[in-house]
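Q: What follows is a single structure, and I will ask about it in a moment.
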Amino acid sequence: MVTKRSERPDERHPAFDQNLLALFAPRSVAVVGASRDPSKLGYLVLRNVRTSGFPGPIYPVNPGARRIQGLPAYPSVVSIPSSVDLAIIVVPQPAVLSVVRDCAAKRVRAAIIITSGFRETGPLGAKAEEEIVSVARSAGMRVLGPNCLGIIDTVTPLNASFAARMPSPNGIAFMSQSGALGAAILDWAAARDLGFSKFVSLGNEADVTESDLLRVWEYDGSVRVVSAYLEGISDGGRFRRVASEATRRRPVVILKAGRTAAGSRAVVSHTGALAGSDAAYSAAFRQAGVIRVQSLEELFDSSLAFSSQPLPSGRELTIVTNAGGPSIVATDAAEMHGLKLTPLTHRTTDELRRQLPPAASVTNPIDVLGDAGPDLYRAAIDLVLADPRGDALLVILTPQLKTDAEDTARVVVEAHRQTNRPIIACFMGSAGVRSAIATLSAGGIPNYPFPERAVAALGAMADYADLKKRPTERPRRFTVDQTRVRNVITKARAAGRPNLDSFEAAQVVAAYGIPIPRAALARSLDQAVQAAEEIGFPVVLKVASPDIVHKSEVGGVRVGIQSPDEVRRAYDEICAAVAVRAPSARIDGIGVWAMARAGTETIVGLSVDPTFGHVLLFGLGGIFVEVIKDVSFRIVPITSADAAEMIREIRAFPVLQGARGRPPSDLSAISDVLERVSQLAEDFPEIRELDINPLVAYPPPRGTLAVDVRLSLSL
Ligand code: ADP
Ligand code: MG
């Protein structure tokens, strides 16, 4: 494996463990539990290690045999006369712990435990797994598994797994949290031209996790793309740190399966109801620069493109085709993935018109027509690649009467050698294009059976190219009044109250520099009138109760109050309504608030995700947020760029820009609130949920006003 100096693992990084490398490129391998019996895993694993071309010494370990598969065998790991870098453990479950102890004594650097019967079986198995990890950790030995298929490295080469086949080498490094799925993928890949640089079945992740592999592969010259099937991430914070760095050097494409809804605990805010863990994963991936795909098909379609083609420098796509239908499908797909069809220069169009038949379409998509031979394809491809516009090329071919798929494939491969733009192909059909597809593949051109899939793969590449360009930015820090927030929280905690009252909650956001309306709590009608006069009409009256979550739902809110008389009427109405609709609620009094001028109602919220911690939400506010679900999420802390993206991501963004004659909203003020709330969450991890709904936004430069704040704590 050729690695440039700059691509060597960064030894200064505390999280980077050299012993991890022994999993992939060990100098020697022991197979513990090696067997002569072809029906045993211990047989398959040793056979795979032997036949994979592994260049170093191989030591079968089995107390009951002198020789196994032609190699001298040893009764235990400690009896091996030379050093062992990697031990592959396939002994029965009850024997694993003592083997791991032997490995630790022998100073083995890494172990792959294929044996199952651990955490996946219940508490007893989990305990056995913990013991293994603690032995390994105290010896500095890294452990992959248990309960996994193993590792295949086509570069070393080493097949340290019981998978029947060794895939062909290619730039894809693939990891899977499902062993069975991994095995199926290997089998499927063998039938296509999908090769792997590394293949890892993660098993129970007792020690080595997806983040460890990301770190290693980030610096591995043989890895062009990291591809992963994950069901969950153990340490969300570490994953985010590692992935953010890794994606600056390599594309990382992940299929995250298991879309679970929000946890079952009682949710008291809009944000809590909206923020499922799936949204948190999407946000975390996006912030870390990870490409998230929705299916296995997309995972490998995009991995194939990443591993064989250069990144596009922009989002402009040119299509050359011999049929109209597929190019229309491709055009629609391009729009869906945010790709634009390149507007070709006049020079190119003129030249195309000169060289192609009169009926051909010389604007993008370029249709060379059904009877086009390889020469017409060549003419069109050469011209569009010479055009200064255009970031990627898709060549579509349908087998028709005079089509020469094979020679056309050669034309495409030739073009690929002469350009630094990505080229992908969609030669449609089966028998008629089979050998042409083999030619494409040998020439490094990925082929997709349908135009939508080809375009989706290009879309993923363009997305990654964009993510890679994102500037490294730190979250802003604002000068705030932490002490005031600390005091409010301490008081509520001392009283055993998880939910702050509306005045306390408003105080908290105000202490972080978020504007709130003037307000006072009235405990009697007279106090309410007096407060209203001090604040100035118009005012809003709202019931103040720790037990009422949605005040307007119980008739607890009266807006637009213009006079002392109206205060009296509203006060009585609220008391009467609440007595009927929330009879058991404790009532602190009636809040008198300055009436905010009309603006655009937005929502800003916080909730806690079990994997990634605080999740920030933004959307159009009001009582229908949960129904409309037009919201965006990011994991805390956010940067100014994240805030700007959150605002632009919601479908209703045009409303904030001032659709249909409405005034535009002060976007930088909204961004400011998002960043301040992010800082609040970082400073106070005990905040469990926060809703600012509505945060009323005004035209610039008039900012925003947090009109209703709800905040709950974990006690
Ligand atoms: P809840 O969400 O508990 O029902 P809110 O305090 O959000 O109660 O009040 C409901 C609605 O009343 C808000 O969405 C907003 O439209 C309006 N409103 C509340 N307080 C004010 C205020 N101070 N100024 C203007 N409008 C307000
Ligand atoms: Mg509200």
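Just so we're on the same page: first chain in the structure tokens is A, next is B, and so on; residues restart at 1 for each chain, and ligands are numbered from 1 in the order they show up.
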From a DSSP calculation on the backbone, collect every residue of range 68-209 of chain A in strand (DSSP E or B) and output the set as an MDAnalysis selection string.
A: chainID A and resid 68 71:72 74 86:89 110:113 142:144 150:153 158:161 172:176 198:201
Q: Using only C-alpha atoms and all ligand atoms, find each protein or nucleic acid residue lying at most 6 Å from ligand 2; present the set as a ChimeraX atom specification.
A: /A:693-694,708
Q: Those selected residues, please, written with N, CA and C atoms and delivered as an mmCIF file, in the first residue's frame.
A:
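Writing done, so here's result_22.cif:
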data_model
loop_
_atom_site.group_PDB
_atom_site.id
_atom_site.type_symbol
_atom_site.label_atom_id
_atom_site.label_comp_id
_atom_site.auth_asym_id
_atom_site.auth_seq_id
_atom_site.Cartn_x
_atom_site.Cartn_y
_atom_site.Cartn_z
ATOM 1 N N ASN A 693 -42.328 29.862 21.249
ATOM 2 C CA ASN A 693 -43.385 29.752 20.246
ATOM 3 C C ASN A 693 -44.575 30.606 20.649
ATOM 4 N N PRO A 694 -44.746 31.728 20.017
ATOM 5 C CA PRO A 694 -43.984 32.188 18.862
ATOM 6 C C PRO A 694 -42.775 33.049 19.233
ATOM 7 N N ASP A 708 -43.718 33.803 23.779
ATOM 8 C CA ASP A 708 -44.128 32.717 24.684
ATOM 9 C C ASP A 708 -42.959 31.752 24.812
#
Q: Which residues of chain A sit at most 8 Å from ligand 1, using only C-alpha atoms and all ligand atoms? Give each one's shortest atom pair and distance in Å (one decimal place), in chain and ascending residue order, as CSV.
A:
residue,atom,partner,partner_atom_place_in_ligand_line,distance
A:Pro517,CA,ligand 1,23 (N),6.2
A:Val539,CA,ligand 1,23 (N),6.9
A:Val540,CA,ligand 1,23 (N),5.4
A:Leu541,CA,ligand 1,20 (N),7.8
A:Lys542,CA,ligand 1,6 (O),6.8
A:Ile548,CA,ligand 1,3 (O),7.6
A:Val549,CA,ligand 1,3 (O),5.9
A:His550,CA,ligand 1,3 (O),3.6
A:Lys551,CA,ligand 1,3 (O),3.5
A:Ser552,CA,ligand 1,4 (O),3.6
A:Glu553,CA,ligand 1,4 (O),5.9
A:Gly556,CA,ligand 1,4 (O),7.4
A:Val557,CA,ligand 1,9 (O),5.9
A:Arg558,CA,ligand 1,12 (O),7.4
A:Val559,CA,ligand 1,27 (C),6.1
A:Gly560,CA,ligand 1,25 (C),7.5
A:Trp593,CA,ligand 1,23 (N),5.1
A:Ala594,CA,ligand 1,23 (N),5.3
A:Met595,CA,ligand 1,24 (N),3.7
A:Ala596,CA,ligand 1,24 (N),3.6
A:Arg597,CA,ligand 1,25 (C),6.3
A:Ala598,CA,ligand 1,25 (C),6.9
A:Glu601,CA,ligand 1,16 (O),7.2
A:Gly621,CA,ligand 1,14 (O),7.5
A:Gly622,CA,ligand 1,14 (O),5.0
A:Ile623,CA,ligand 1,14 (O),6.6
A:Asn693,CA,ligand 1,7 (O),5.6
A:Pro694,CA,ligand 1,14 (O),5.3
A:Val707,CA,ligand 1,23 (N),5.2
A:Asp708,CA,ligand 1,6 (O),4.4
A:Val709,CA,ligand 1,6 (O),7.5
Q: Between CA of Val290 in chain A and CA of Ala456 in chain A, measure the distance and give it in Å to one decimal.
A: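 So the two atoms, CA of Val290 in chain A and CA of Ala456 in chain A, lie 15.7 Å apart.
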Q: Between A:Cys148, A:Val133, A:Val96, A:Leu299, which is the closest to Ala257 in chain A once you count only C-alpha atoms?
A: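 Closest to Ala257 in chain A, using only C-alpha atoms: A:Leu299.
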Q: How many Å separate CA of Ala405 in chain A from CA of Ala454 in chain A?
A: 17.7 Å
Q: Write out as a PyMOL selection string the residues lying within 9 Å of Ala334 in chain A, counting only C-alpha atoms and excluding same-chain residues fewer than 3 positions away.
A: chain A and resi 317+329-331+337-341+452+455-456+458-459
Q: Those selected residues, please, written with N, CA and C atoms and delivered as a PDB file, in the first residue's frame.
A:
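As written to disk, again_7.pdb reads:
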ATOM      1  N   LEU A 317     -25.025  19.626 -15.025  1.00  0.00           N
ATOM      2  CA  LEU A 317     -24.964  18.296 -15.638  1.00  0.00           C
ATOM      3  C   LEU A 317     -25.259  18.393 -17.127  1.00  0.00           C
ATOM      4  N   VAL A 329     -36.530  11.517 -18.104  1.00  0.00           N
ATOM      5  CA  VAL A 329     -36.509  10.974 -16.741  1.00  0.00           C
ATOM      6  C   VAL A 329     -35.285  11.510 -15.994  1.00  0.00           C
ATOM      7  N   ALA A 330     -34.149  11.520 -16.682  1.00  0.00           N
ATOM      8  CA  ALA A 330     -32.905  12.008 -16.062  1.00  0.00           C
ATOM      9  C   ALA A 330     -33.022  13.490 -15.717  1.00  0.00           C
ATOM     10  N   THR A 331     -33.664  14.246 -16.597  1.00  0.00           N
ATOM     11  CA  THR A 331     -33.819  15.681 -16.358  1.00  0.00           C
ATOM     12  C   THR A 331     -34.680  15.937 -15.123  1.00  0.00           C
ATOM     13  N   HIS A 337     -32.648  16.436  -7.453  1.00  0.00           N
ATOM     14  CA  HIS A 337     -31.405  16.392  -6.684  1.00  0.00           C
ATOM     15  C   HIS A 337     -30.665  17.728  -6.709  1.00  0.00           C
ATOM     16  N   GLY A 338     -31.345  18.752  -7.183  1.00  0.00           N
ATOM     17  CA  GLY A 338     -30.720  20.073  -7.171  1.00  0.00           C
ATOM     18  C   GLY A 338     -29.595  20.220  -8.184  1.00  0.00           C
ATOM     19  N   LEU A 339     -29.643  19.416  -9.265  1.00  0.00           N
ATOM     20  CA  LEU A 339     -28.653  19.574 -10.333  1.00  0.00           C
ATOM     21  C   LEU A 339     -29.306  20.357 -11.462  1.00  0.00           C
ATOM     22  N   LYS A 340     -28.482  21.145 -12.175  1.00  0.00           N
ATOM     23  CA  LYS A 340     -29.029  21.932 -13.285  1.00  0.00           C
ATOM     24  C   LYS A 340     -28.469  21.407 -14.596  1.00  0.00           C
ATOM     25  N   LEU A 341     -29.274  21.435 -15.642  1.00  0.00           N
ATOM     26  CA  LEU A 341     -28.725  21.068 -16.938  1.00  0.00           C
ATOM     27  C   LEU A 341     -27.871  22.225 -17.441  1.00  0.00           C
ATOM     28  N   GLU A 452     -32.562   7.504 -13.262  1.00  0.00           N
ATOM     29  CA  GLU A 452     -32.746   8.129 -11.944  1.00  0.00           C
ATOM     30  C   GLU A 452     -31.613   7.764 -11.005  1.00  0.00           C
ATOM     31  N   VAL A 455     -28.402   9.639 -11.905  1.00  0.00           N
ATOM     32  CA  VAL A 455     -28.468  11.038 -11.495  1.00  0.00           C
ATOM     33  C   VAL A 455     -28.365  11.165  -9.973  1.00  0.00           C
ATOM     34  N   ALA A 456     -28.996  10.230  -9.257  1.00  0.00           N
ATOM     35  CA  ALA A 456     -28.914  10.272  -7.793  1.00  0.00           C
ATOM     36  C   ALA A 456     -27.462  10.144  -7.337  1.00  0.00           C
ATOM     37  N   LEU A 458     -24.806  11.036  -9.010  1.00  0.00           N
ATOM     38  CA  LEU A 458     -24.144  12.315  -9.295  1.00  0.00           C
ATOM     39  C   LEU A 458     -24.554  13.377  -8.281  1.00  0.00           C
ATOM     40  N   GLY A 459     -25.836  13.330  -7.902  1.00  0.00           N
ATOM     41  CA  GLY A 459     -26.331  14.279  -6.897  1.00  0.00           C
ATOM     42  C   GLY A 459     -25.566  14.133  -5.591  1.00  0.00           C
TER      43      GLY A 459
END
Q: Which of these residues is nearest to Val412 in chain A, using only C-alpha atoms: A:Asp332, A:Asp609, A:Asp382, A:Asp391?
A: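 Checking each of A:Asp332, A:Asp609, A:Asp382, A:Asp391 against Val412 in chain A, counting only C-alpha atoms, the winner is A:Asp382.
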Q: If I take CA of Thr490 in chain A and CA of Arg710 in chain A, how far is one from the other in Å, to one decimal?
A: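 A separation of 16.9 Å between them.
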Q: Which parts of range 137-287 of chain A does DSSP call alpha helix (DSSP H) when run on the backbone here, written out as a PyMOL selection string?
A: chain A and resi 137-139+179-191+210-218+236-249+270-274+277-287
Q: Which residues, written as an MDAnalysis selection string, have at least one atom at most 7 Å from Val480 in chain A, with only C-alpha atoms counted and residues fewer than 4 positions away on the same chain left out?
A: chainID A and resid 511:513
Q: Would you mind telling me which residue in A:Ser52, A:Arg353, A:Phe24, A:Asp572 lies nearest to Leu213 in chain A when using only C-alpha atoms?
A: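 Checking each of A:Ser52, A:Arg353, A:Phe24, A:Asp572 against Leu213 in chain A, counting only C-alpha atoms, the winner is A:Phe24.
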Q: Nearest residue to Asp278 in chain A out of A:Ala462, A:Leu255, A:Ile638, A:Met166, using only C-alpha atoms?
A: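 Smallest separation from Asp278 in chain A among the options: A:Leu255.
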Q: For a quick check of understanding, using only C-alpha atoms, which of A:Gly42, A:Gly221, A:Gly237, A:Pro81 has the smallest distance to Asn62 in chain A?
A: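 Closest residue, counting only C-alpha atoms: A:Gly42.
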Q: Find the spatial neighbours of Ala163 in chain A, counting only C-alpha atoms, within a cut-off of 7 Å - ignore same-chain residues fewer than 2 positions away - and output them as a list in words.
A: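 Near Ala163 in chain A, the qualifying residues are Leu149, Ser161, Arg165 and Ala183 of chain A.
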Q: Write out as a list in words which residues come within 12 Å of Thr154 in chain A when counting only C-alpha atoms, dropping same-chain ones fewer than 4 positions away.
A: Met1, Phe24, Ala25, Val49, Ser52, Gly53, Phe54, Leu158, Asn159, Ala160, Arg165, Met166, Pro167, Ser168, Pro169, Asn170, Gly171, Ile172, Ala173, Phe174, Gly195, Phe196, Ser197, Lys198, Phe199, Val200, Ser222 and Val223 of chain A
